[in-house]
$ cat data.cif   # mmCIF, C-alpha atoms and all ligand atoms
data_query
#
loop_
_atom_site.group_PDB
_atom_site.id
_atom_site.type_symbol
_atom_site.label_atom_id
_atom_site.label_comp_id
_atom_site.auth_asym_id
_atom_site.auth_seq_id
_atom_site.Cartn_x
_atom_site.Cartn_y
_atom_site.Cartn_z
ATOM 1 C CA MET A 341 -10.179 -6.009 -17.904
ATOM 2 C CA ALA A 342 -8.432 -7.941 -15.200
ATOM 3 C CA LYS A 343 -8.321 -11.695 -15.191
ATOM 4 C CA GLN A 344 -11.166 -13.617 -13.581
ATOM 5 C CA ILE A 345 -9.028 -14.595 -10.589
ATOM 6 C CA LEU A 346 -8.639 -10.897 -9.779
ATOM 7 C CA GLU A 347 -12.278 -10.039 -10.464
ATOM 8 C CA ASP A 348 -13.297 -12.820 -8.071
ATOM 9 C CA LEU A 349 -10.997 -11.493 -5.354
ATOM 10 C CA PHE A 350 -12.202 -7.917 -5.814
ATOM 11 C CA GLY A 351 -15.777 -9.168 -5.427
ATOM 12 C CA GLN A 352 -14.926 -11.008 -2.206
ATOM 13 C CA ILE A 353 -13.219 -7.905 -0.816
ATOM 14 C CA ARG A 354 -16.210 -5.706 -1.670
ATOM 15 C CA ASP A 355 -18.574 -8.134 0.057
ATOM 16 C CA ALA A 356 -16.293 -8.195 3.109
ATOM 17 C CA ALA A 357 -16.047 -4.402 3.212
ATOM 18 C CA ALA A 358 -19.826 -4.103 3.157
ATOM 19 C CA SER A 359 -20.202 -6.473 6.110
ATOM 20 C CA GLY A 360 -20.519 -5.587 9.795
ATOM 21 C CA ASP A 361 -16.924 -6.100 10.907
ATOM 22 C CA ARG A 362 -15.215 -4.568 7.894
ATOM 23 C CA SER A 363 -11.615 -4.767 9.033
ATOM 24 C CA SER A 364 -11.697 -8.413 10.194
ATOM 25 C CA ALA A 365 -13.681 -9.502 7.159
ATOM 26 C CA ILE A 366 -11.241 -7.864 4.712
ATOM 27 C CA ARG A 367 -8.297 -9.416 6.540
ATOM 28 C CA ALA A 368 -9.917 -12.871 6.384
ATOM 29 C CA VAL A 369 -10.450 -12.583 2.614
ATOM 30 C CA LEU A 370 -6.842 -11.475 2.068
ATOM 31 C CA LEU A 371 -5.435 -14.245 4.262
ATOM 32 C CA GLU A 372 -7.455 -16.807 2.307
ATOM 33 C CA SER A 373 -6.264 -15.292 -0.980
ATOM 34 C CA GLN A 374 -2.679 -16.205 -0.080
ATOM 35 C CA SER A 375 -3.489 -19.818 -1.014
ATOM 36 C CA ARG A 376 -3.514 -18.505 -4.621
ATOM 37 C CA LYS A 377 -0.642 -16.053 -4.268
ATOM 38 C CA ASP A 378 1.379 -17.196 -7.285
ATOM 39 C CA ASP A 379 -1.608 -16.986 -9.631
ATOM 40 C CA LEU A 380 -2.650 -13.607 -8.192
ATOM 41 C CA ALA A 381 0.906 -12.293 -8.579
ATOM 42 C CA GLU A 382 0.959 -13.440 -12.196
ATOM 43 C CA ALA A 383 -2.359 -11.723 -12.929
ATOM 44 C CA ILE A 384 -1.230 -8.446 -11.326
ATOM 45 C CA ALA A 385 2.125 -8.668 -13.136
ATOM 46 C CA GLU A 386 0.215 -8.568 -16.432
ATOM 47 C CA LEU A 387 -1.721 -5.371 -15.648
ATOM 48 C CA ILE A 388 -0.828 -2.254 -17.646
ATOM 49 C CA ALA A 389 0.314 -0.027 -14.767
ATOM 50 C CA ASP A 390 2.214 -0.404 -11.508
ATOM 51 C CA GLU A 391 -0.545 1.158 -9.419
ATOM 52 C CA ILE A 392 -4.193 0.811 -10.376
ATOM 53 C CA MET A 393 -7.260 1.738 -8.360
ATOM 54 C CA VAL A 394 -9.604 -1.059 -9.300
ATOM 55 C CA PHE A 395 -12.525 -0.135 -7.062
ATOM 56 C CA GLU A 396 -13.630 2.566 -4.631
ATOM 57 C CA ASP A 397 -16.777 3.325 -2.692
ATOM 58 C CA GLU A 398 -17.627 4.458 0.851
ATOM 59 C CA THR A 399 -16.672 1.049 2.298
ATOM 60 C CA CYS A 400 -13.282 0.377 0.694
ATOM 61 C CA SER A 401 -10.703 1.208 -1.956
ATOM 62 C CA ILE A 402 -8.835 -1.576 -3.744
ATOM 63 C CA TRP A 403 -5.470 -0.960 -5.424
ATOM 64 C CA THR A 404 -3.027 -3.259 -7.165
ATOM 65 C CA CYS A 405 0.546 -2.236 -6.355
ATOM 66 C CA ARG A 406 3.867 -3.138 -7.950
ATOM 67 C CA TYR A 407 6.954 -1.452 -6.503
ATOM 68 C CA SER A 408 10.571 -1.580 -7.589
ATOM 69 C CA SER A 409 13.460 -2.027 -5.220
ATOM 70 C CA ASP A 410 15.450 1.082 -6.156
ATOM 71 C CA VAL A 411 12.726 3.754 -5.768
ATOM 72 C CA VAL A 412 11.139 4.804 -2.452
ATOM 73 C CA PHE A 413 7.863 6.709 -2.589
ATOM 74 C CA ALA A 414 7.547 9.612 -0.178
ATOM 75 C CA PRO A 415 6.109 9.435 3.346
ATOM 76 C CA HIS A 416 2.341 9.789 3.405
ATOM 77 C CA GLU A 417 -0.738 9.170 5.495
ATOM 78 C CA HIS A 418 -3.956 7.376 4.562
ATOM 79 C CA CYS A 419 -6.211 8.637 7.398
ATOM 80 C CA MET A 420 -7.840 5.195 7.440
ATOM 81 C CA GLY A 421 -6.735 1.616 8.020
ATOM 82 C CA VAL A 422 -5.059 -0.224 5.153
ATOM 83 C CA HIS A 423 -4.552 -3.947 4.631
ATOM 84 C CA ILE A 424 -1.530 -5.010 2.578
ATOM 85 C CA ALA A 425 -1.403 -8.498 1.059
ATOM 86 C CA VAL A 426 1.886 -9.249 -0.691
ATOM 87 C CA TYR A 427 1.835 -11.995 -3.309
ATOM 88 C CA ARG A 428 5.379 -11.822 -4.746
ATOM 89 C CA GLY A 429 8.639 -10.336 -3.482
ATOM 90 C CA ALA A 430 8.481 -8.173 -0.375
ATOM 91 C CA GLU A 431 7.311 -4.630 0.342
ATOM 92 C CA VAL A 432 9.223 -2.455 2.760
ATOM 93 C CA GLU A 433 7.117 -0.155 4.919
ATOM 94 C CA VAL A 434 9.437 2.665 6.000
ATOM 95 C CA LEU A 435 7.657 3.975 9.090
ATOM 96 C CA TYR A 436 7.804 7.525 10.445
ATOM 97 C CA LYS A 437 6.510 9.616 13.319
ATOM 98 C CA ARG A 438 5.933 13.350 12.976
ATOM 99 C CA GLU A 439 7.896 15.570 15.333
ATOM 100 C CA PRO A 440 8.169 19.369 15.289
ATOM 101 C CA GLY A 441 10.257 20.344 12.262
ATOM 102 C CA LYS A 442 11.082 16.822 11.135
ATOM 103 C CA LEU A 443 10.063 13.269 10.530
ATOM 104 C CA ARG A 444 11.559 10.639 12.829
ATOM 105 C CA HIS A 445 12.319 7.298 11.207
ATOM 106 C CA GLY A 446 10.584 4.571 13.202
ATOM 107 C CA GLY A 447 12.134 1.553 11.482
ATOM 108 C CA ASN A 448 11.473 -0.544 8.408
ATOM 109 C CA SER A 449 8.939 -3.344 8.312
ATOM 110 C CA LEU A 450 9.280 -6.098 5.719
ATOM 111 C CA VAL A 451 6.025 -7.541 4.379
ATOM 112 C CA LYS A 452 6.849 -10.738 2.505
ATOM 113 C CA ALA A 453 4.933 -12.772 -0.054
ATOM 114 C CA GLY A 454 2.305 -14.689 1.911
ATOM 115 C CA ASP A 455 1.928 -11.962 4.554
ATOM 116 C CA VAL A 456 -1.105 -9.778 5.248
ATOM 117 C CA VAL A 457 -0.585 -6.752 7.514
ATOM 118 C CA ARG A 458 -2.713 -3.792 8.555
ATOM 119 C CA LEU A 459 -1.462 -0.254 9.156
ATOM 120 C CA GLY A 460 -3.691 1.856 11.392
ATOM 121 C CA PRO A 461 -5.237 5.219 10.484
ATOM 122 C CA ASP A 462 -2.388 7.193 12.107
ATOM 123 C CA ALA A 463 0.433 5.414 10.245
ATOM 124 C CA ILE A 464 2.878 7.381 8.090
ATOM 125 C CA HIS A 465 4.958 5.318 5.710
ATOM 126 C CA ALA A 466 7.216 5.582 2.708
ATOM 127 C CA ILE A 467 7.131 2.532 0.502
ATOM 128 C CA THR A 468 9.429 0.469 -1.681
ATOM 129 C CA ALA A 469 10.275 -3.130 -2.510
ATOM 130 C CA ASP A 470 13.015 -5.193 -0.870
ATOM 131 C CA ASP A 471 15.463 -6.740 -3.371
ATOM 132 C CA LYS A 472 13.224 -7.244 -6.418
ATOM 133 C CA GLN A 473 9.828 -6.057 -7.615
ATOM 134 C CA SER A 474 6.989 -6.534 -5.120
ATOM 135 C CA ILE A 475 3.436 -7.368 -6.145
ATOM 136 C CA ALA A 476 0.566 -6.731 -3.741
ATOM 137 C CA ILE A 477 -2.982 -5.632 -3.168
ATOM 138 C CA HIS A 478 -3.736 -2.723 -0.843
ATOM 139 C CA VAL A 479 -7.250 -2.475 0.571
ATOM 140 C CA TYR A 480 -8.149 0.790 2.337
ATOM 141 C CA GLU A 481 -11.049 0.899 4.769
ATOM 142 C CA GLY A 482 -12.764 3.814 3.021
ATOM 143 C CA PRO A 483 -12.800 6.078 -0.048
ATOM 144 C CA LEU A 484 -9.095 6.922 -0.333
ATOM 145 C CA THR A 485 -9.231 9.340 -3.271
ATOM 146 C CA ARG A 486 -12.173 11.301 -1.849
ATOM 147 C CA ILE A 487 -10.444 12.463 1.309
ATOM 148 C CA LYS A 488 -7.845 15.183 1.782
ATOM 149 C CA ARG A 489 -4.578 13.682 2.975
ATOM 150 C CA SER A 490 -0.925 14.576 3.040
ATOM 151 C CA LEU A 491 2.496 13.663 1.875
ATOM 152 C CA PHE A 492 5.318 14.769 4.165
ATOM 153 C CA ASP A 493 8.584 16.429 3.174
ATOM 154 C CA TRP A 494 11.401 13.935 3.790
ATOM 155 C CA THR A 495 13.488 16.413 5.761
ATOM 156 C CA THR A 496 11.179 18.923 7.432
ATOM 157 C CA GLY A 497 8.065 16.790 7.767
ATOM 158 C CA GLU A 498 6.088 19.654 6.241
ATOM 159 C CA GLU A 499 2.737 18.639 4.782
ATOM 160 C CA VAL A 500 2.310 18.565 1.012
ATOM 161 C CA GLU A 501 -1.060 17.876 -0.573
ATOM 162 C CA PHE A 502 -1.320 14.243 -1.639
ATOM 163 C CA THR A 503 -1.627 13.963 -5.386
ATOM 164 C CA MET A 504 -0.247 11.137 -7.497
ATOM 165 C CA GLU A 505 1.905 13.754 -9.245
ATOM 166 C CA ASN A 506 3.484 14.903 -5.962
ATOM 167 C CA PHE A 507 3.755 11.291 -4.782
ATOM 168 C CA HIS A 508 5.921 10.381 -7.753
ATOM 169 C CA ALA A 509 7.820 13.701 -7.864
ATOM 170 C CA MET A 510 8.952 13.305 -4.227
ATOM 171 C CA ALA A 511 10.259 9.743 -4.667
ATOM 172 C CA ARG A 512 13.883 9.057 -3.720
ATOM 173 C CA ARG A 513 16.543 6.586 -4.811
ATOM 174 C CA LYS A 514 16.964 3.959 -2.115
ATOM 175 C CA ALA A 515 20.744 3.972 -2.531
ATOM 176 C CA ASN A 516 20.870 7.579 -1.203
ATOM 177 C CA MET A 517 18.757 7.021 1.907
ATOM 178 C CA VAL A 518 20.038 6.708 5.483
ATOM 179 C CA GLU A 519 16.946 4.646 6.291
ATOM 180 C CA PHE A 520 18.555 1.776 4.343
ATOM 181 C CA LYS A 521 22.137 2.097 5.608
HETATM 182 FE FE FE B 601 0.571 4.091 1.561
#

$ encode --input "data.cif" --output "structure tokens"
Amino acid sequence: MAKQILEDLFGQIRDAAASGDRSSAIRAVLLESQSRKDDLAEAIAELIADEIMVFEDETCSIWTCRYSSDVVFAPHEHCMGVHIAVYRGAEVEVLYKREPGKLRHGGNSLVKAGDVVRLGPDAIHAITADDKQSIAIHVYEGPLTRIKRSLFDWTTGEEVEFTMENFHAMARRKANMVEFK
């Protein structure tokens, strides 16, 4: 059972996701939540796992996400918009475009504590933390685990079915990656 401060936030997000202008309403809730970012970070830090799906229905999926700075999870799509609110540390969104036979690195985007960003439905990203653990909430604009979506081979860009098992198996060490040179 998450702390009350998290339960309250999850409730606000669910209400926002059920409203008419889902994307703007979710963003507004996450921006407002940054006024409590230290307390939210502390509550997420105490959860039992690094990634937890705390809620999902047709309107949204809510995940708590802690990433470490030495591991980069493989490129993947969401097929829906996602809002990322970082409460501690910084996430690095390693962005890619698909080209025939490969993935093209499109740059790294730093999302720092206090920031809220949205990636569109066509985005492909790999994900890691900057120089220390990052703590964030990711809110997807739909039922993330109920859709078919893909991971992409780092080298060839070939599609691999998205499962949490494949997601973790395809992770790389940041120290070995040209994207961080
Ligand atoms: Fe993602």

$ residues_near_ligand --input "data.cif" --ligand "ligand FE 601 (chain B)" --cutoff "7 Å" --atoms "only C-alpha atoms and all ligand atoms" --output "PyMOL selection string"
chain A and resi 416-418+465-467

$ atom_distance --input "data.cif" --atom1 "CA of Asp455 in chain A" --atom2 "CA of Cys405 in chain A"
14.7 Å

$ residues_near_point --input "data.cif" --point "(-2.7, -7.2, -10.6)" --cutoff "12 Å" --atoms "only C-alpha atoms" --output "PyMOL selection string"
chain A and resi 341-347+349-350+377-394+402-407+425-428+474-478

$ closest_residue --input "data.cif" --among "A:Glu481, A:Asp348, A:Glu498, A:Asp470" --to "Ala453 in chain A" --atoms "all atoms listed in the file"
A:Asp470

$ residues_around --input "data.cif" --residues "Asp471 in chain A" --least-positions-apart "3" --cutoff "9 Å" --atoms "only C-alpha atoms" --output "ChimeraX atom specification"
/A:408-410,429-430,474

$ residues_around --input "data.cif" --residues "Ala509 in chain A" --least-positions-apart "3" --cutoff "9 Å" --atoms "all atoms listed in the file" --output "ChimeraX atom specification"
/A:413-414,504-506,512

$ residues_near_point --input "data.cif" --point "(19.0, 3.6, 11.6)" --cutoff "12 Å" --atoms "all atoms listed in the file" --output "list in words"
Val434, Leu435, Tyr436, Arg444, His445, Gly446, Gly447, Asn448, Met517, Val518, Glu519, Phe520 and Lys521 of chain A

$ atom_distance --input "data.cif" --atom1 "CA of Glu372 in chain A" --atom2 "CA of Ile353 in chain A"
11.1 Å

$ resolve_selection --input "data.cif" --expression "the PyMOL selection byres (((chain A and resi 460) around 12) and not hetatm)" --output "number ranges by chain"
A: 363, 417-424, 435, 457-459, 461-465, 480-481

$ closest_residue --input "data.cif" --among "A:Val479, A:Ala511, A:Val432, A:Val451" --to "Ala365 in chain A" --atoms "only C-alpha atoms"
A:Val479

$ residues_around --input "data.cif" --residues "Asp355 in chain A" --least-positions-apart "3" --cutoff "10 Å" --atoms "all atoms listed in the file" --output "JSON, numbers by chain"
{"A": [349, 350, 351, 352, 358, 359, 362, 365, 366, 369, 399]}

$ closest_residue --input "data.cif" --among "A:Ser364, A:Pro415, A:Glu439, A:Leu371" --to "Ser490 in chain A" --atoms "only C-alpha atoms"
A:Pro415

$ closest_residue --input "data.cif" --among "A:Ala469, A:Val456, A:Cys400, A:Val411" --to "Met510 in chain A" --atoms "only C-alpha atoms"
A:Val411

$ atom_distance --input "data.cif" --atom1 "CA of Ser449 in chain A" --atom2 "CA of Val412 in chain A"
13.7 Å

$ build_atoms --input "data.cif" --residues "range 496-513 of chain A" --atoms "N, CA and C atoms" --output "PDB file, in the coordinates of the input"
ATOM      1  N   THR A 496      11.824  18.047   6.454  1.00  0.00           N
ATOM      2  CA  THR A 496      11.179  18.923   7.432  1.00  0.00           C
ATOM      3  C   THR A 496       9.889  18.334   8.002  1.00  0.00           C
ATOM      4  N   GLY A 497       9.350  17.332   7.336  1.00  0.00           N
ATOM      5  CA  GLY A 497       8.065  16.790   7.767  1.00  0.00           C
ATOM      6  C   GLY A 497       6.879  17.654   7.366  1.00  0.00           C
ATOM      7  N   GLU A 498       7.158  18.741   6.651  1.00  0.00           N
ATOM      8  CA  GLU A 498       6.088  19.654   6.241  1.00  0.00           C
ATOM      9  C   GLU A 498       5.072  18.944   5.354  1.00  0.00           C
ATOM     10  N   GLU A 499       3.794  19.289   5.554  1.00  0.00           N
ATOM     11  CA  GLU A 499       2.737  18.639   4.782  1.00  0.00           C
ATOM     12  C   GLU A 499       2.684  19.166   3.352  1.00  0.00           C
ATOM     13  N   VAL A 500       2.487  18.253   2.431  1.00  0.00           N
ATOM     14  CA  VAL A 500       2.310  18.565   1.012  1.00  0.00           C
ATOM     15  C   VAL A 500       1.033  17.846   0.590  1.00  0.00           C
ATOM     16  N   GLU A 501       0.197  18.519  -0.169  1.00  0.00           N
ATOM     17  CA  GLU A 501      -1.060  17.876  -0.573  1.00  0.00           C
ATOM     18  C   GLU A 501      -0.776  16.561  -1.304  1.00  0.00           C
ATOM     19  N   PHE A 502      -1.518  15.521  -0.953  1.00  0.00           N
ATOM     20  CA  PHE A 502      -1.320  14.243  -1.639  1.00  0.00           C
ATOM     21  C   PHE A 502      -1.986  14.295  -3.001  1.00  0.00           C
ATOM     22  N   THR A 503      -1.133  14.227  -4.032  1.00  0.00           N
ATOM     23  CA  THR A 503      -1.627  13.963  -5.386  1.00  0.00           C
ATOM     24  C   THR A 503      -0.690  12.899  -5.943  1.00  0.00           C
ATOM     25  N   MET A 504      -1.132  12.162  -6.931  1.00  0.00           N
ATOM     26  CA  MET A 504      -0.247  11.137  -7.497  1.00  0.00           C
ATOM     27  C   MET A 504       0.983  11.795  -8.121  1.00  0.00           C
ATOM     28  N   GLU A 505       0.781  13.015  -8.652  1.00  0.00           N
ATOM     29  CA  GLU A 505       1.905  13.754  -9.245  1.00  0.00           C
ATOM     30  C   GLU A 505       2.970  14.059  -8.180  1.00  0.00           C
ATOM     31  N   ASN A 506       2.526  14.614  -7.035  1.00  0.00           N
ATOM     32  CA  ASN A 506       3.484  14.903  -5.962  1.00  0.00           C
ATOM     33  C   ASN A 506       4.109  13.619  -5.421  1.00  0.00           C
ATOM     34  N   PHE A 507       3.292  12.585  -5.303  1.00  0.00           N
ATOM     35  CA  PHE A 507       3.755  11.291  -4.782  1.00  0.00           C
ATOM     36  C   PHE A 507       4.946  10.799  -5.600  1.00  0.00           C
ATOM     37  N   HIS A 508       4.823  10.861  -6.908  1.00  0.00           N
ATOM     38  CA  HIS A 508       5.921  10.381  -7.753  1.00  0.00           C
ATOM     39  C   HIS A 508       7.079  11.372  -7.803  1.00  0.00           C
ATOM     40  N   ALA A 509       6.762  12.681  -7.789  1.00  0.00           N
ATOM     41  CA  ALA A 509       7.820  13.701  -7.864  1.00  0.00           C
ATOM     42  C   ALA A 509       8.728  13.669  -6.631  1.00  0.00           C
ATOM     43  N   MET A 510       8.176  13.281  -5.477  1.00  0.00           N
ATOM     44  CA  MET A 510       8.952  13.305  -4.227  1.00  0.00           C
ATOM     45  C   MET A 510       9.687  11.983  -3.952  1.00  0.00           C
ATOM     46  N   ALA A 511       9.590  11.038  -4.872  1.00  0.00           N
ATOM     47  CA  ALA A 511      10.259   9.743  -4.667  1.00  0.00           C
ATOM     48  C   ALA A 511      11.773   9.925  -4.588  1.00  0.00           C
ATOM     49  N   ARG A 512      12.425   9.037  -3.851  1.00  0.00           N
ATOM     50  CA  ARG A 512      13.883   9.057  -3.720  1.00  0.00           C
ATOM     51  C   ARG A 512      14.486   7.738  -4.179  1.00  0.00           C
ATOM     52  N   ARG A 513      15.798   7.817  -4.509  1.00  0.00           N
ATOM     53  CA  ARG A 513      16.543   6.586  -4.811  1.00  0.00           C
ATOM     54  C   ARG A 513      16.920   5.933  -3.494  1.00  0.00           C
TER      55      ARG A 513
END
